[in-house]
file data.txt (compact mmCIF, C-alpha atoms)
# COMPACT_ATOMS: atom_id res chain seq x y z
CA MET G 1 29.14 -12.62 -14.77
CA SER G 2 25.58 -11.78 -15.74
CA LYS G 3 23.08 -11.44 -12.89
CA LEU G 4 19.93 -13.39 -12.17
CA ARG G 5 17.25 -10.78 -11.47
CA PHE G 6 13.70 -10.94 -10.38
CA ASN G 7 10.86 -8.46 -9.81
CA ILE G 8 7.24 -9.10 -9.05
CA SER G 9 4.11 -7.34 -7.82
CA MET G 10 2.62 -8.66 -4.60
CA SER G 11 -0.54 -7.88 -2.65
CA LEU G 12 -0.08 -6.63 0.91
CA ASP G 13 -1.32 -10.00 2.09
CA GLY G 14 1.47 -11.76 0.19
CA TYR G 15 -0.03 -13.03 -3.08
CA VAL G 16 1.48 -12.66 -6.55
CA ALA G 17 -1.55 -14.21 -8.28
CA GLY G 18 -5.16 -14.55 -7.24
CA PRO G 19 -7.11 -17.79 -6.73
CA ASN G 20 -8.72 -19.84 -9.54
CA GLN G 21 -6.29 -19.17 -12.39
CA SER G 22 -7.84 -19.94 -15.76
CA ARG G 23 -7.57 -19.16 -19.47
CA ASP G 24 -9.77 -16.12 -18.98
CA GLU G 25 -7.95 -14.99 -15.86
CA PRO G 26 -4.32 -16.15 -16.12
CA LEU G 27 -3.42 -14.16 -13.01
CA GLY G 28 -6.36 -15.52 -11.02
CA VAL G 29 -9.28 -13.58 -9.60
CA GLY G 30 -8.10 -10.07 -8.72
CA GLY G 31 -4.57 -10.78 -9.93
CA GLU G 32 -4.59 -8.13 -12.64
CA ASP G 33 -5.06 -5.45 -10.01
CA LEU G 34 -1.56 -6.19 -8.75
CA HIS G 35 -0.19 -4.67 -11.95
CA ASP G 36 -2.32 -1.54 -11.96
CA TRP G 37 0.65 0.57 -10.81
CA VAL G 38 2.83 -0.57 -13.74
CA VAL G 39 0.40 -0.53 -16.67
CA ARG G 40 -0.09 3.20 -16.11
CA THR G 41 3.59 4.01 -16.49
CA ARG G 42 5.30 5.51 -19.52
CA ALA G 43 7.82 2.62 -19.49
CA PHE G 44 5.01 0.08 -19.86
CA LYS G 45 3.18 2.07 -22.54
CA ALA G 46 6.41 2.30 -24.51
CA MET G 47 6.72 -1.49 -24.47
CA SER G 48 3.22 -1.64 -25.95
CA GLY G 49 4.23 0.75 -28.74
CA ASN G 50 2.79 3.96 -27.26
CA PRO G 51 5.92 5.80 -26.10
CA ASP G 52 4.19 9.17 -25.67
CA GLU G 53 1.57 7.95 -23.22
CA GLY G 54 1.68 6.97 -19.58
CA GLU G 55 2.67 8.50 -16.28
CA THR G 56 6.13 9.53 -15.12
CA GLY G 57 7.34 9.59 -11.51
CA LEU G 58 8.64 7.00 -9.07
CA ASP G 59 6.55 4.07 -10.34
CA ASN G 60 7.72 4.80 -13.86
CA ASP G 61 11.33 4.98 -12.66
CA ARG G 62 11.04 1.54 -11.07
CA ALA G 63 9.23 0.09 -14.09
CA SER G 64 11.97 1.47 -16.37
CA VAL G 65 14.70 -0.24 -14.39
CA TRP G 66 13.01 -3.59 -14.94
CA ALA G 67 11.64 -3.06 -18.45
CA GLN G 68 14.99 -3.54 -20.15
CA THR G 69 15.50 -6.38 -22.62
CA TYR G 70 17.24 -9.23 -20.84
CA GLY G 71 19.71 -11.64 -22.32
CA ALA G 72 17.35 -14.45 -21.38
CA THR G 73 14.21 -15.08 -19.31
CA ILE G 74 13.27 -18.09 -17.18
CA MET G 75 9.63 -18.82 -16.40
CA GLY G 76 7.46 -21.53 -14.97
CA ARG G 77 5.19 -23.45 -17.24
CA ASN G 78 1.99 -21.83 -15.92
CA MET G 79 3.35 -18.48 -16.98
CA PHE G 80 3.77 -19.85 -20.50
CA GLY G 81 0.24 -21.15 -20.76
CA PRO G 82 -2.80 -22.83 -19.23
CA ILE G 83 -2.05 -26.41 -20.38
CA ARG G 84 -1.23 -28.82 -17.53
CA GLY G 85 0.26 -32.32 -17.82
CA ASP G 86 0.96 -33.60 -21.34
CA TRP G 87 1.10 -30.91 -24.00
CA GLY G 88 -1.54 -32.70 -26.12
CA ALA G 89 -2.43 -31.75 -29.68
CA GLU G 90 -3.06 -28.04 -29.17
CA GLU G 91 -0.35 -25.79 -30.60
CA TRP G 92 -0.24 -23.36 -27.72
CA LYS G 93 2.40 -20.64 -28.26
CA GLY G 94 2.26 -18.74 -25.00
CA TRP G 95 0.12 -16.03 -23.43
CA TRP G 96 2.23 -13.38 -25.13
CA GLY G 97 1.00 -13.08 -28.74
CA ASP G 98 2.93 -13.56 -31.99
CA ASN G 99 5.60 -11.06 -30.99
CA PRO G 100 6.25 -11.60 -27.27
CA PRO G 101 7.84 -8.79 -25.25
CA TYR G 102 10.99 -10.81 -24.48
CA HIS G 103 12.95 -10.48 -27.77
CA SER G 104 15.46 -13.04 -26.49
CA PRO G 105 15.45 -16.72 -25.48
CA VAL G 106 12.91 -17.79 -22.87
CA PHE G 107 13.49 -20.99 -20.87
CA VAL G 108 10.27 -22.62 -19.67
CA LEU G 109 10.51 -25.04 -16.72
CA THR G 110 8.38 -28.13 -17.34
CA HIS G 111 8.32 -31.87 -16.69
CA HIS G 112 7.09 -32.49 -20.24
CA PRO G 113 9.51 -32.23 -23.20
CA HIS G 114 8.56 -29.96 -26.09
CA GLU G 115 10.35 -28.74 -29.22
CA PRO G 116 11.49 -25.10 -29.12
CA ILE G 117 8.95 -22.58 -30.45
CA GLU G 118 10.33 -19.66 -32.43
CA MET G 119 8.23 -16.51 -32.34
CA GLU G 120 8.50 -13.14 -34.07
CA GLY G 121 10.85 -10.46 -32.76
CA GLY G 122 13.65 -12.64 -31.44
CA THR G 123 11.79 -14.65 -28.79
CA THR G 124 12.25 -18.43 -28.82
CA PHE G 125 10.65 -20.57 -26.12
CA HIS G 126 12.90 -23.43 -24.99
CA PHE G 127 11.48 -26.15 -22.74
CA VAL G 128 13.76 -27.42 -19.99
CA THR G 129 12.94 -30.66 -18.18
CA GLN G 130 16.13 -31.04 -16.13
CA GLY G 131 15.26 -28.52 -13.43
CA PRO G 132 16.00 -24.92 -12.47
CA GLU G 133 19.80 -25.15 -12.31
CA GLU G 134 19.99 -26.60 -15.82
CA ALA G 135 17.62 -23.88 -17.05
CA LEU G 136 19.87 -21.25 -15.49
CA GLU G 137 22.93 -22.76 -17.14
CA GLN G 138 21.26 -22.67 -20.56
CA ALA G 139 20.04 -19.14 -19.90
CA ARG G 140 23.56 -18.02 -18.95
CA ASP G 141 24.98 -19.47 -22.16
CA ALA G 142 22.30 -17.65 -24.14
CA ALA G 143 22.53 -14.34 -22.27
CA GLY G 144 26.26 -13.73 -22.54
CA VAL G 145 27.11 -10.58 -20.58
CA ARG G 146 23.50 -9.53 -20.28
CA ASP G 147 21.33 -10.19 -17.22
CA ILE G 148 18.81 -12.99 -16.86
CA ASN G 149 15.27 -12.33 -15.68
CA ILE G 150 13.04 -14.68 -13.72
CA GLY G 151 9.63 -13.99 -15.24
CA GLY G 152 7.72 -15.88 -12.52
CA GLY G 153 5.51 -17.17 -11.12
CA ALA G 154 5.74 -17.85 -7.41
CA ALA G 155 6.90 -21.49 -7.59
CA THR G 156 9.67 -20.65 -10.04
CA ALA G 157 10.88 -17.71 -7.96
CA GLN G 158 10.83 -19.92 -4.86
CA GLN G 159 13.06 -22.52 -6.51
CA TYR G 160 15.73 -19.95 -7.31
CA LEU G 161 15.42 -18.16 -3.96
CA ARG G 162 15.77 -21.49 -2.14
CA ALA G 163 18.81 -22.47 -4.19
CA GLY G 164 20.54 -19.19 -3.32
CA LEU G 165 20.80 -18.21 -6.97
CA VAL G 166 19.04 -14.82 -7.06
CA ASP G 167 21.39 -11.82 -7.34
CA GLU G 168 18.83 -9.04 -7.14
CA MET G 169 15.12 -8.78 -6.48
CA GLU G 170 12.50 -6.07 -6.17
CA ILE G 171 9.08 -6.68 -4.68
CA HIS G 172 6.40 -4.15 -5.56
CA VAL G 173 3.81 -4.28 -2.77
CA VAL G 174 0.39 -2.92 -3.64
CA PRO G 175 -2.33 -2.11 -1.08
CA LYS G 176 -4.69 -4.75 -2.49
CA LEU G 177 -5.86 -7.63 -0.25
CA LEU G 178 -6.57 -10.79 -2.26
CA GLY G 179 -7.29 -13.23 0.57
CA ALA G 180 -6.11 -16.25 -1.43
CA GLY G 181 -3.91 -17.23 -4.36
CA GLU G 182 -0.22 -17.91 -4.92
CA ARG G 183 1.98 -16.78 -2.05
CA LEU G 184 5.46 -15.60 -2.99
CA PHE G 185 7.09 -16.11 0.39
CA ALA G 186 6.32 -19.75 1.12
CA ASN G 187 8.10 -23.07 0.67
CA LEU G 188 11.47 -21.39 1.19
CA ASP G 189 13.01 -23.51 3.98
CA GLY G 190 13.98 -20.38 5.88
CA PRO G 191 14.44 -16.79 4.78
CA PRO G 192 16.67 -16.06 1.75
CA ASP G 193 18.93 -13.96 3.95
CA TYR G 194 21.77 -13.85 1.46
CA LEU G 195 19.66 -11.07 -0.04
CA LYS G 196 20.04 -7.77 1.81
CA PRO G 197 17.55 -4.90 1.70
CA VAL G 198 19.02 -1.81 0.07
CA GLU G 199 16.01 0.43 -0.55
CA VAL G 200 12.34 1.01 0.32
CA LEU G 201 10.47 3.48 -1.87
CA GLY G 202 6.80 4.45 -1.67
CA SER G 203 4.39 5.88 -4.19
CA PRO G 204 0.62 6.21 -3.77
CA ARG G 205 0.10 2.96 -5.72
CA ALA G 206 2.93 0.68 -4.56
CA ALA G 207 5.91 0.40 -2.25
CA HIS G 208 9.08 -0.94 -3.83
CA PHE G 209 11.41 -3.15 -1.76
CA ARG G 210 14.80 -3.74 -3.36
CA TYR G 211 17.30 -6.45 -2.33
CA VAL G 212 20.75 -7.43 -3.58
CA ARG G 213 23.03 -10.34 -2.82
CA ALA G 214 25.35 -9.56 0.09
CA ALA G 215 28.92 -8.93 -1.08
CA MET C 216 -19.01 6.15 18.02
CA SER C 217 -15.43 5.42 18.96
CA LYS C 218 -13.35 3.56 16.39
CA LEU C 219 -11.60 0.22 16.61
CA ARG C 220 -8.08 0.81 15.32
CA PHE C 221 -5.15 -1.39 14.68
CA ASN C 222 -1.54 -0.95 13.58
CA ILE C 223 1.25 -3.46 13.39
CA SER C 224 4.72 -3.95 11.92
CA MET C 225 5.09 -6.80 9.44
CA SER C 226 8.06 -8.32 7.63
CA LEU C 227 7.95 -8.23 3.83
CA ASP C 228 7.27 -11.97 3.95
CA GLY C 229 4.17 -11.42 6.06
CA TYR C 230 5.15 -12.12 9.68
CA VAL C 231 4.31 -9.96 12.68
CA ALA C 232 6.34 -12.12 15.09
CA GLY C 233 9.23 -14.48 14.53
CA PRO C 234 9.31 -18.22 15.28
CA ASN C 235 9.98 -19.74 18.73
CA GLN C 236 8.45 -17.09 20.97
CA SER C 237 9.72 -17.38 24.52
CA ARG C 238 10.19 -15.42 27.75
CA ASP C 239 13.53 -14.17 26.48
CA GLU C 240 12.19 -13.38 23.01
CA PRO C 241 8.51 -12.47 23.34
CA LEU C 242 8.41 -11.45 19.67
CA GLY C 243 10.13 -14.62 18.51
CA VAL C 244 13.51 -14.93 16.80
CA GLY C 245 14.10 -11.80 14.73
CA GLY C 246 10.79 -10.27 15.78
CA GLU C 247 12.32 -7.24 17.48
CA ASP C 248 13.81 -6.14 14.16
CA LEU C 249 10.29 -5.46 12.91
CA HIS C 250 10.11 -2.52 15.31
CA ASP C 251 13.47 -1.00 14.49
CA TRP C 252 11.81 1.78 12.48
CA VAL C 253 9.62 2.86 15.40
CA VAL C 254 12.00 2.66 18.35
CA ARG C 255 14.20 5.27 16.65
CA THR C 256 11.43 7.83 16.43
CA ARG C 257 10.92 10.86 18.63
CA ALA C 258 7.35 9.73 19.33
CA PHE C 259 8.59 6.44 20.74
CA LYS C 260 11.37 8.03 22.79
CA ALA C 261 8.85 10.43 24.27
CA MET C 262 6.74 7.50 25.46
CA SER C 263 9.85 6.15 27.19
CA GLY C 264 10.39 9.48 28.97
CA ASN C 265 13.05 10.91 26.64
CA PRO C 266 11.13 13.55 24.68
CA ASP C 267 14.25 15.30 23.33
CA GLU C 268 15.69 12.24 21.63
CA GLY C 269 14.78 10.32 18.52
CA GLU C 270 14.39 10.99 14.83
CA THR C 271 11.78 13.10 13.12
CA GLY C 272 10.41 12.56 9.60
CA LEU C 273 7.82 10.31 8.03
CA ASP C 274 8.33 7.33 10.36
CA ASN C 275 7.97 9.63 13.35
CA ASP C 276 4.82 11.13 11.83
CA ARG C 277 3.28 7.67 11.48
CA ALA C 278 4.40 6.60 14.96
CA SER C 279 2.88 9.79 16.42
CA VAL C 280 -0.49 9.08 14.88
CA TRP C 281 -0.59 5.72 16.62
CA ALA C 282 1.15 6.63 19.89
CA GLN C 283 -1.84 8.43 21.37
CA THR C 284 -3.44 7.17 24.55
CA TYR C 285 -6.50 5.11 23.65
CA GLY C 286 -9.69 4.83 25.62
CA ALA C 287 -9.06 1.09 25.85
CA THR C 288 -6.82 -1.62 24.39
CA ILE C 289 -7.63 -5.20 23.44
CA MET C 290 -4.89 -7.81 23.26
CA GLY C 291 -4.43 -11.53 22.97
CA ARG C 292 -3.19 -13.46 25.93
CA ASN C 293 0.26 -14.11 24.45
CA MET C 294 0.78 -10.38 24.23
CA PHE C 295 0.08 -10.14 27.94
CA GLY C 296 2.52 -12.84 28.93
CA PRO C 297 4.23 -16.17 28.30
CA ILE C 298 1.95 -18.34 30.48
CA ARG C 299 -0.18 -20.82 28.52
CA GLY C 300 -3.16 -22.84 29.82
CA ASP C 301 -4.05 -22.41 33.49
CA TRP C 302 -2.62 -19.29 35.10
CA GLY C 303 -1.02 -21.33 37.89
CA ALA C 304 0.56 -19.84 41.01
CA GLU C 305 2.84 -17.30 39.38
CA GLU C 306 1.69 -13.68 39.75
CA TRP C 307 2.50 -12.58 36.25
CA LYS C 308 1.58 -8.93 35.65
CA GLY C 309 2.33 -8.51 31.95
CA TRP C 310 5.37 -7.89 29.79
CA TRP C 311 4.96 -4.15 30.33
CA GLY C 312 6.49 -3.31 33.72
CA ASP C 313 4.87 -1.72 36.79
CA ASN C 314 3.67 1.29 34.81
CA PRO C 315 2.52 -0.05 31.44
CA PRO C 316 2.31 2.34 28.47
CA TYR C 317 -1.48 1.98 28.14
CA HIS C 318 -2.73 4.27 30.95
CA SER C 319 -6.27 2.99 30.38
CA PRO C 320 -8.14 -0.33 30.63
CA VAL C 321 -6.67 -3.29 28.75
CA PHE C 322 -8.90 -6.24 27.84
CA VAL C 323 -7.00 -9.52 27.53
CA LEU C 324 -8.64 -12.33 25.52
CA THR C 325 -8.22 -15.67 27.29
CA HIS C 326 -10.03 -18.95 27.91
CA HIS C 327 -8.94 -18.90 31.55
CA PRO C 328 -10.67 -16.56 34.05
CA HIS C 329 -8.48 -14.23 36.10
CA GLU C 330 -9.17 -11.34 38.50
CA PRO C 331 -8.41 -7.87 37.13
CA ILE C 332 -4.86 -6.63 37.77
CA GLU C 333 -4.48 -2.96 38.56
CA MET C 334 -1.13 -1.44 37.63
CA GLU C 335 0.42 2.00 38.14
CA GLY C 336 -0.45 4.89 35.84
CA GLY C 337 -4.07 4.04 35.08
CA THR C 338 -3.65 0.65 33.39
CA THR C 339 -5.87 -2.19 34.60
CA PHE C 340 -5.76 -5.59 32.90
CA HIS C 341 -9.20 -7.18 32.58
CA PHE C 342 -9.48 -10.80 31.46
CA VAL C 343 -12.33 -11.62 29.10
CA THR C 344 -13.34 -15.24 28.52
CA GLN C 345 -16.50 -14.68 26.44
CA GLY C 346 -14.76 -13.92 23.15
CA PRO C 347 -13.74 -10.94 21.01
CA GLU C 348 -17.17 -9.35 20.60
CA GLU C 349 -17.74 -9.28 24.36
CA ALA C 350 -14.23 -7.84 24.83
CA LEU C 351 -15.05 -5.11 22.31
CA GLU C 352 -18.30 -4.32 24.09
CA GLN C 353 -16.50 -3.96 27.42
CA ALA C 354 -13.80 -1.89 25.75
CA ARG C 355 -16.40 0.43 24.21
CA ASP C 356 -18.04 0.98 27.57
CA ALA C 357 -14.67 1.81 29.09
CA ALA C 358 -13.43 4.00 26.23
CA GLY C 359 -16.35 6.39 25.95
CA VAL C 360 -15.75 8.73 23.02
CA ARG C 361 -12.10 7.73 22.69
CA ASP C 362 -10.83 5.14 20.20
CA ILE C 363 -10.02 1.52 21.00
CA ASN C 364 -6.72 -0.04 19.98
CA ILE C 365 -6.08 -3.68 19.09
CA GLY C 366 -2.66 -4.27 20.59
CA GLY C 367 -2.12 -7.62 18.85
CA GLY C 368 -0.98 -10.18 18.11
CA ALA C 369 -1.83 -11.83 14.82
CA ALA C 370 -4.58 -14.16 16.07
CA THR C 371 -6.37 -11.34 17.87
CA ALA C 372 -6.18 -9.05 14.84
CA GLN C 373 -7.49 -11.87 12.65
CA GLN C 374 -10.54 -12.37 14.86
CA TYR C 375 -11.54 -8.72 14.55
CA LEU C 376 -10.71 -8.52 10.84
CA ARG C 377 -12.77 -11.65 10.19
CA ALA C 378 -15.73 -10.30 12.17
CA GLY C 379 -15.72 -7.08 10.11
CA LEU C 380 -15.15 -4.96 13.21
CA VAL C 381 -11.97 -3.04 12.35
CA ASP C 382 -12.55 0.62 11.43
CA GLU C 383 -8.99 1.58 10.56
CA MET C 384 -5.68 -0.22 10.18
CA GLU C 385 -2.13 0.62 9.23
CA ILE C 386 0.44 -2.02 8.31
CA HIS C 387 4.07 -0.98 8.55
CA VAL C 388 6.01 -3.26 6.19
CA VAL C 389 9.73 -3.53 6.87
CA PRO C 390 12.27 -5.02 4.43
CA LYS C 391 13.16 -7.84 6.82
CA LEU C 392 12.59 -11.48 5.75
CA LEU C 393 11.86 -13.73 8.75
CA GLY C 394 11.04 -16.98 6.93
CA ALA C 395 8.73 -18.21 9.69
CA GLY C 396 6.60 -16.99 12.58
CA GLU C 397 3.12 -15.57 13.01
CA ARG C 398 1.49 -14.51 9.75
CA LEU C 399 -0.88 -11.56 9.96
CA PHE C 400 -2.85 -12.30 6.79
CA ALA C 401 -3.99 -15.87 7.36
CA ASN C 402 -7.13 -17.57 8.70
CA LEU C 403 -9.29 -14.74 7.38
CA ASP C 404 -11.91 -16.63 5.29
CA GLY C 405 -11.41 -14.21 2.42
CA PRO C 406 -9.98 -10.72 2.25
CA PRO C 407 -11.29 -8.06 4.66
CA ASP C 408 -12.44 -5.99 1.72
CA TYR C 409 -14.63 -3.71 3.77
CA LEU C 410 -11.30 -1.98 4.46
CA LYS C 411 -10.21 0.28 1.60
CA PRO C 412 -6.65 1.44 0.99
CA VAL C 413 -6.27 5.19 1.40
CA GLU C 414 -2.51 5.75 1.52
CA VAL C 415 0.88 4.15 0.83
CA LEU C 416 3.89 5.98 2.25
CA GLY C 417 7.54 4.92 2.07
CA SER C 418 10.54 5.73 4.19
CA PRO C 419 13.95 4.05 4.00
CA ARG C 420 13.01 1.80 6.94
CA ALA C 421 9.34 0.93 6.34
CA ALA C 422 6.41 1.41 4.00
CA HIS C 423 3.14 2.36 5.65
CA PHE C 424 -0.15 1.02 4.21
CA ARG C 425 -3.25 2.70 5.63
CA TYR C 426 -6.82 1.38 5.33
CA VAL C 427 -10.18 2.66 6.53
CA ARG C 428 -13.65 1.16 6.56
CA ALA C 429 -15.55 1.97 3.37
CA ALA C 430 -18.22 4.60 3.96
call {"tool": "encode", "arguments": {"input": "data.txt", "output": "structure tokens"}}
result
Amino acid sequence: MSKLRFNISMSLDGYVAGPNQSRDEPLGVGGEDLHDWVVRTRAFKAMSGNPDEGETGLDNDRASVWAQTYGATIMGRNMFGPIRGDWGAEEWKGWWGDNPPYHSPVFVLTHHPHEPIEMEGGTTFHFVTQGPEEALEQARDAAGVRDINIGGGAATAQQYLRAGLVDEMEIHVVPKLLGAGERLFANLDGPPDYLKPVEVLGSPRAAHFRYVRAA
Amino acid sequence: MSKLRFNISMSLDGYVAGPNQSRDEPLGVGGEDLHDWVVRTRAFKAMSGNPDEGETGLDNDRASVWAQTYGATIMGRNMFGPIRGDWGAEEWKGWWGDNPPYHSPVFVLTHHPHEPIEMEGGTTFHFVTQGPEEALEQARDAAGVRDINIGGGAATAQQYLRAGLVDEMEIHVVPKLLGAGERLFANLDGPPDYLKPVEVLGSPRAAHFRYVRAA
């Protein structure tokens, strides 16, 4: 069966987004710094259409592992856009431009129904109002043998961690201290100890903690 | 001037002690696992009188840096012992045995006055009721040119971080998930951004994040 996978960058003090998220700063104040290690890598530059740029090395190796195209992606509504509550009249189509980097179906968790939005390059946003397990079921149907990625953010990851549904995760810890924002490890009703640590790797810009579901 | 230094082991989910601390489990449930990386090292074995045992390598290098004898140590009361509130009739002399590993003055933060307790090997516990800045002043007088160590725990570290008094810190992040306990990075009124990251190092058992006060 395809795996449900999940990777995210986290500050040393535990935040995956900074405080005061807004249209101008979707990742909150200081949140972009969490991704400094990845935007420098060759794997990331290649995704942006510049395959001959970027750094190689351990960070690039870890970015490459996660930069594959998934069979489907699941994300929380705040990762899709800044609109809260009713969708209203605005035709928001996601933070990700006309040709989003997903190139496969994306399932957006929301309490507010919305028609699917088809983008260029194979990405269609589907809006799921029946909760995380239903979203996973739809993602599995769409993904076939390929893996499913949890795009984020913290609340979405927490729902899947809590439900025992994550097969593999990698947390990239960067030496930044944000002081406030969205904590990844909170609201979990105990540790997700079905996930076992298999690797800790360090580069000057981030340490990578990898976990897989215990056999 | 001597430096105020601080190092501590933290779970990936941000805890430096587990939940339900007690006499039998001073570090809380699961808390001892945070120190697994260090107790295996040659530097740690040497402190326990077995200098020919233990592992070498990066973890041992980091443990060695921190295993020096300080001019003085500051700790919170819970790190001294399990007694809360009034000291009562019991003659508690610390978790650390007759010959504690400090071999220099230790300043214990408490709201309850207590006579100094002199132990074997050069350690004397002094009890300071006038707060963390007074404890630091007494520690500086005692330490002379040598550095001062914050022994822990979380609340004590937070007081010094918040007051802008820490000169150097190293956080050893282990891939354990505790789910509950004492968080290190909490109650800080904003990030301690006078501390700048200078190094991230990874071993299979821990990643080491080192910070120093900005010049």
call {"tool": "residues_near_point", "arguments": {"input": "data.txt", "point": "(23.9, -11.4, -14.1)", "cutoff": "9 Å", "atoms": "all atoms listed in the file", "output": "number ranges by chain"}}
result
G: 1-5, 140, 143, 145-149, 167-168
call {"tool": "atom_distance", "arguments": {"input": "data.txt", "atom1": "CA of Asp228 (chain C)", "atom2": "CA of Arg299 (chain C)"}}
result
27.2 Å
call {"tool": "atom_distance", "arguments": {"input": "data.txt", "atom1": "CA of Asp189 (chain G)", "atom2": "CA of Arg213 (chain G)"}}
result
17.9 Å
call {"tool": "residues_around", "arguments": {"input": "data.txt", "residues": "region 309-312 of chain C", "least_positions_apart": "5", "cutoff": "12 Å", "atoms": "only C-alpha atoms", "output": "PyMOL selection string"}}
result
chain C and resi 237-242+263+290-298+317-318+321+323+331-336+338-341
call {"tool": "interface_residues", "arguments": {"input": "data.txt", "of": "chain C", "to": "chain G", "cutoff": "9 Å", "atoms": "all atoms listed in the file", "output": "MDAnalysis selection string"}}
result
chainID C and resid 227:229 386 388:395 399:401 403:408 411:426
call {"tool": "atom_distance", "arguments": {"input": "data.txt", "atom1": "CA of Asp276 (chain C)", "atom2": "CA of Pro316 (chain C)"}}
result
19.0 Å
call {"tool": "closest_residue", "arguments": {"input": "data.txt", "among": "G:Gln138, G:Thr156, G:Gln68, G:Asn50", "to": "Val16 (chain G)", "atoms": "all atoms listed in the file"}}
result
G:Thr156
call {"tool": "closest_residue", "arguments": {"input": "data.txt", "among": "G:Gly151, G:Leu109, G:Gly31, G:Ser64", "to": "Lys45 (chain G)", "atoms": "all atoms listed in the file"}}
result
G:Ser64
call {"tool": "closest_residue", "arguments": {"input": "data.txt", "among": "C:Gly286, C:Gly243, C:Pro266, C:Pro234", "to": "Leu351 (chain C)", "atoms": "all atoms listed in the file"}}
result
C:Gly286
call {"tool": "residues_around", "arguments": {"input": "data.txt", "residues": "Val29 (chain G)", "least_positions_apart": "6", "cutoff": "8 Å", "atoms": "all atoms listed in the file", "output": "ChimeraX atom specification"}}
result
/G:17-21
call {"tool": "residues_around", "arguments": {"input": "data.txt", "residues": "region 301-305 of chain C", "least_positions_apart": "4", "cutoff": "9 Å", "atoms": "only C-alpha atoms", "output": "list in words"}}
result
His326, His327, Pro328 and His329 of chain C
call {"tool": "residues_around", "arguments": {"input": "data.txt", "residues": "Glu268 (chain C)", "least_positions_apart": "4", "cutoff": "12 Å", "atoms": "only C-alpha atoms", "output": "list in words"}}
result
Val254, Arg255, Thr256, Arg257, Ala258, Phe259, Lys260, Ala261, Met262, Ser263, Gly264 and Asn275 of chain C
call {"tool": "build_atoms", "arguments": {"input": "data.txt", "residues": "region 321-332 of chain C", "atoms": "N, CA and C atoms", "output": "PDB file, keeping the file's coordinate frame"}}
result
ATOM      1  N   VAL C 321      -7.117  -2.338  29.766  1.00  0.00           N
ATOM      2  CA  VAL C 321      -6.670  -3.290  28.750  1.00  0.00           C
ATOM      3  C   VAL C 321      -7.486  -4.563  28.907  1.00  0.00           C
ATOM      4  N   PHE C 322      -8.076  -5.040  27.811  1.00  0.00           N
ATOM      5  CA  PHE C 322      -8.900  -6.240  27.840  1.00  0.00           C
ATOM      6  C   PHE C 322      -8.130  -7.380  27.189  1.00  0.00           C
ATOM      7  N   VAL C 323      -7.828  -8.409  27.982  1.00  0.00           N
ATOM      8  CA  VAL C 323      -7.000  -9.520  27.530  1.00  0.00           C
ATOM      9  C   VAL C 323      -7.899 -10.709  27.193  1.00  0.00           C
ATOM     10  N   LEU C 324      -7.847 -11.177  25.944  1.00  0.00           N
ATOM     11  CA  LEU C 324      -8.640 -12.330  25.520  1.00  0.00           C
ATOM     12  C   LEU C 324      -7.992 -13.619  26.031  1.00  0.00           C
ATOM     13  N   THR C 325      -8.757 -14.425  26.741  1.00  0.00           N
ATOM     14  CA  THR C 325      -8.220 -15.670  27.290  1.00  0.00           C
ATOM     15  C   THR C 325      -9.359 -16.663  27.501  1.00  0.00           C
ATOM     16  N   HIS C 326      -9.032 -17.943  27.549  1.00  0.00           N
ATOM     17  CA  HIS C 326     -10.030 -18.950  27.910  1.00  0.00           C
ATOM     18  C   HIS C 326     -10.036 -19.220  29.409  1.00  0.00           C
ATOM     19  N   HIS C 327      -9.121 -18.574  30.138  1.00  0.00           N
ATOM     20  CA  HIS C 327      -8.940 -18.900  31.550  1.00  0.00           C
ATOM     21  C   HIS C 327      -9.222 -17.666  32.412  1.00  0.00           C
ATOM     22  N   PRO C 328     -10.284 -17.720  33.247  1.00  0.00           N
ATOM     23  CA  PRO C 328     -10.670 -16.560  34.050  1.00  0.00           C
ATOM     24  C   PRO C 328      -9.535 -16.091  34.963  1.00  0.00           C
ATOM     25  N   HIS C 329      -9.500 -14.793  35.225  1.00  0.00           N
ATOM     26  CA  HIS C 329      -8.480 -14.230  36.100  1.00  0.00           C
ATOM     27  C   HIS C 329      -9.055 -12.928  36.658  1.00  0.00           C
ATOM     28  N   GLU C 330      -8.758 -12.621  37.923  1.00  0.00           N
ATOM     29  CA  GLU C 330      -9.170 -11.340  38.500  1.00  0.00           C
ATOM     30  C   GLU C 330      -8.473 -10.200  37.779  1.00  0.00           C
ATOM     31  N   PRO C 331      -9.099  -9.024  37.710  1.00  0.00           N
ATOM     32  CA  PRO C 331      -8.410  -7.870  37.130  1.00  0.00           C
ATOM     33  C   PRO C 331      -7.115  -7.554  37.885  1.00  0.00           C
ATOM     34  N   ILE C 332      -6.141  -7.017  37.176  1.00  0.00           N
ATOM     35  CA  ILE C 332      -4.860  -6.630  37.770  1.00  0.00           C
ATOM     36  C   ILE C 332      -4.673  -5.127  37.556  1.00  0.00           C
TER      37      ILE C 332
END
